Amino acid sequence: MARKIIEKKILPEYFEAVIRDEKKFEIRRDEDNIQVGDAIILKEWDGEKFTGREVGRNITYVLRNVSEYGLKDGYCIMSW
């Protein structure tokens, strides 16, 4: 299967934590069927517009289908 590149909005406070390498995961709607090996491009969004800053990460782990641990159905946790 070919590697996908997925683009997502991210708010400035979370974007800053990602670029400082403090935040290494995202919890998102599981709408892109993201898999290990895919890439995510996080585009900084200030609530009204894109700021022009973005950062890319390669997905190394995806957690889904564990509602018994509090992860809402239809969501996944991805890490890099």
# chains A, B, ... in the order shown; residues from 1 in each chain; ligands from 1
>>> select_by_dssp(residues="chain A", states="strand (DSSP E)", output="VMD selection string")
chain A and resid 5 to 10 25 to 29 39 to 45 50 to 58 61 to 64 75 to 79
>>> closest_atom_pairs(of="region 7-27 of chain A", to="region 39-49 of chain A", cutoff="8 Å", atoms="only C-alpha atoms", output="Markdown table")
| residue | atom | partner | partner_atom | distance |
| --- | --- | --- | --- | --- |
| A:Glu7 | CA | A:Ile41 | CA | 4.6 |
| A:Lys8 | CA | A:Leu42 | CA | 5.1 |
| A:Lys9 | CA | A:Lys43 | CA | 4.9 |
| A:Ile10 | CA | A:Glu44 | CA | 5.0 |
| A:Leu11 | CA | A:Trp45 | CA | 5.2 |
| A:Pro12 | CA | A:Glu44 | CA | 5.9 |
| A:Phe15 | CA | A:Glu44 | CA | 6.2 |
>>> closest_residue(among="A:Ile59, A:Ile27, A:Glu16, A:Gln35", to="Trp80 (chain A)", atoms="only C-alpha atoms")
A:Ile59
>>> residues_around(residues="Val62 (chain A)", least_positions_apart="4", cutoff="10 Å", atoms="only C-alpha atoms", output="list in words")
Phe25, Glu26, Ile27, Asn33, Ile34, Gln35, Val36, Cys76, Ile77, Met78, Ser79 and Trp80 of chain A
>>> atom_distance(atom1="CA of Asp73 (chain A)", atom2="CA of Glu22 (chain A)")
26.5 Å
>>> select_by_dssp(residues="chain A", states="helix (DSSP H, G or I)", output="ChimeraX atom specification")
/A:12-19,67-69
>>> write_last_selection(atoms="all heavy atoms", output="CSV table (one decimal), in the first residue's frame")
chain,number,residue,atom,x,y,z
A,12,PRO,N,-2.2,27.2,17.3
A,12,PRO,CA,-0.8,27.7,17.6
A,12,PRO,C,-0.2,27.1,18.8
A,12,PRO,O,1.0,26.7,18.8
A,12,PRO,CB,-0.9,29.2,17.7
A,12,PRO,CG,-2.1,29.5,16.8
A,12,PRO,CD,-3.0,28.4,17.0
A,13,GLU,N,-0.9,27.0,19.9
A,13,GLU,CA,-0.3,26.4,21.2
A,13,GLU,C,0.1,25.0,21.0
A,13,GLU,O,1.1,24.6,21.5
A,13,GLU,CB,-1.3,26.6,22.3
A,13,GLU,CG,-2.5,25.7,22.2
A,13,GLU,CD,-3.8,26.4,22.5
A,13,GLU,OE1,-4.1,27.5,22.0
A,13,GLU,OE2,-4.5,25.9,23.4
A,14,TYR,N,-0.6,24.2,20.2
A,14,TYR,CA,-0.3,22.8,20.0
A,14,TYR,C,0.8,22.7,19.0
A,14,TYR,O,1.7,21.9,19.1
A,14,TYR,CB,-1.5,22.0,19.6
A,14,TYR,CG,-2.6,22.1,20.6
A,14,TYR,CD1,-3.8,22.6,20.2
A,14,TYR,CD2,-2.4,21.7,21.9
A,14,TYR,CE1,-4.8,22.7,21.2
A,14,TYR,CE2,-3.4,21.8,22.8
A,14,TYR,CZ,-4.6,22.3,22.5
A,14,TYR,OH,-5.6,22.4,23.4
A,15,PHE,N,0.8,23.6,17.9
A,15,PHE,CA,1.8,23.6,16.9
A,15,PHE,C,3.2,23.9,17.6
A,15,PHE,O,4.2,23.2,17.3
A,15,PHE,CB,1.5,24.7,15.9
A,15,PHE,CG,2.5,24.8,14.8
A,15,PHE,CD1,2.4,24.0,13.7
A,15,PHE,CD2,3.6,25.7,14.8
A,15,PHE,CE1,3.3,24.1,12.6
A,15,PHE,CE2,4.5,25.8,13.8
A,15,PHE,CZ,4.4,25.0,12.7
A,16,GLU,N,3.2,24.9,18.5
A,16,GLU,CA,4.5,25.2,19.2
A,16,GLU,C,5.0,24.0,19.9
A,16,GLU,O,6.2,23.7,19.9
A,16,GLU,CB,4.3,26.4,20.1
A,16,GLU,CG,4.1,27.7,19.4
A,16,GLU,CD,5.4,28.1,18.7
A,16,GLU,OE1,6.5,27.8,19.1
A,16,GLU,OE2,5.3,28.8,17.7
A,17,ALA,N,4.2,23.3,20.6
A,17,ALA,CA,4.6,22.1,21.3
A,17,ALA,C,5.1,21.0,20.4
A,17,ALA,O,6.1,20.3,20.7
A,17,ALA,CB,3.5,21.5,22.2
A,18,VAL,N,4.5,20.9,19.2
A,18,VAL,CA,5.0,19.9,18.2
A,18,VAL,C,6.4,20.3,17.7
A,18,VAL,O,7.3,19.5,17.7
A,18,VAL,CB,4.0,19.7,17.1
A,18,VAL,CG1,4.7,18.9,15.9
A,18,VAL,CG2,2.7,19.1,17.5
A,19,ILE,N,6.6,21.5,17.4
A,19,ILE,CA,7.9,21.9,16.8
A,19,ILE,C,9.0,21.9,17.9
A,19,ILE,O,10.2,21.7,17.5
A,19,ILE,CB,7.9,23.3,16.0
A,19,ILE,CG1,7.5,24.4,16.9
A,19,ILE,CG2,6.9,23.2,14.8
A,19,ILE,CD1,7.7,25.8,16.2
A,67,SER,N,-12.6,1.8,23.0
A,67,SER,CA,-13.5,2.6,23.7
A,67,SER,C,-13.5,2.3,25.2
A,67,SER,O,-13.8,3.1,26.1
A,67,SER,CB,-14.9,2.5,23.2
A,67,SER,OG,-15.3,1.2,23.2
A,68,GLU,N,-13.1,1.0,25.5
A,68,GLU,CA,-13.1,0.6,27.0
A,68,GLU,C,-12.0,1.4,27.7
A,68,GLU,O,-12.0,1.4,29.0
A,68,GLU,CB,-12.9,-0.9,27.1
A,68,GLU,CG,-11.5,-1.4,26.6
A,68,GLU,CD,-11.5,-1.8,25.1
A,68,GLU,OE1,-12.4,-1.3,24.3
A,68,GLU,OE2,-10.6,-2.6,24.7
A,69,TYR,N,-11.1,2.0,27.0
A,69,TYR,CA,-10.0,2.8,27.7
A,69,TYR,C,-10.3,4.3,27.5
A,69,TYR,O,-9.4,5.2,27.8
A,69,TYR,CB,-8.7,2.5,27.1
A,69,TYR,CG,-8.2,1.1,27.4
A,69,TYR,CD1,-7.9,0.2,26.4
A,69,TYR,CD2,-8.2,0.6,28.7
A,69,TYR,CE1,-7.6,-1.1,26.6
A,69,TYR,CE2,-7.8,-0.7,29.0
A,69,TYR,CZ,-7.5,-1.6,27.9
A,69,TYR,OH,-7.2,-2.8,28.2
>>> atom_distance(atom1="CA of Arg29 (chain A)", atom2="CA of Gly52 (chain A)")
23.5 Å
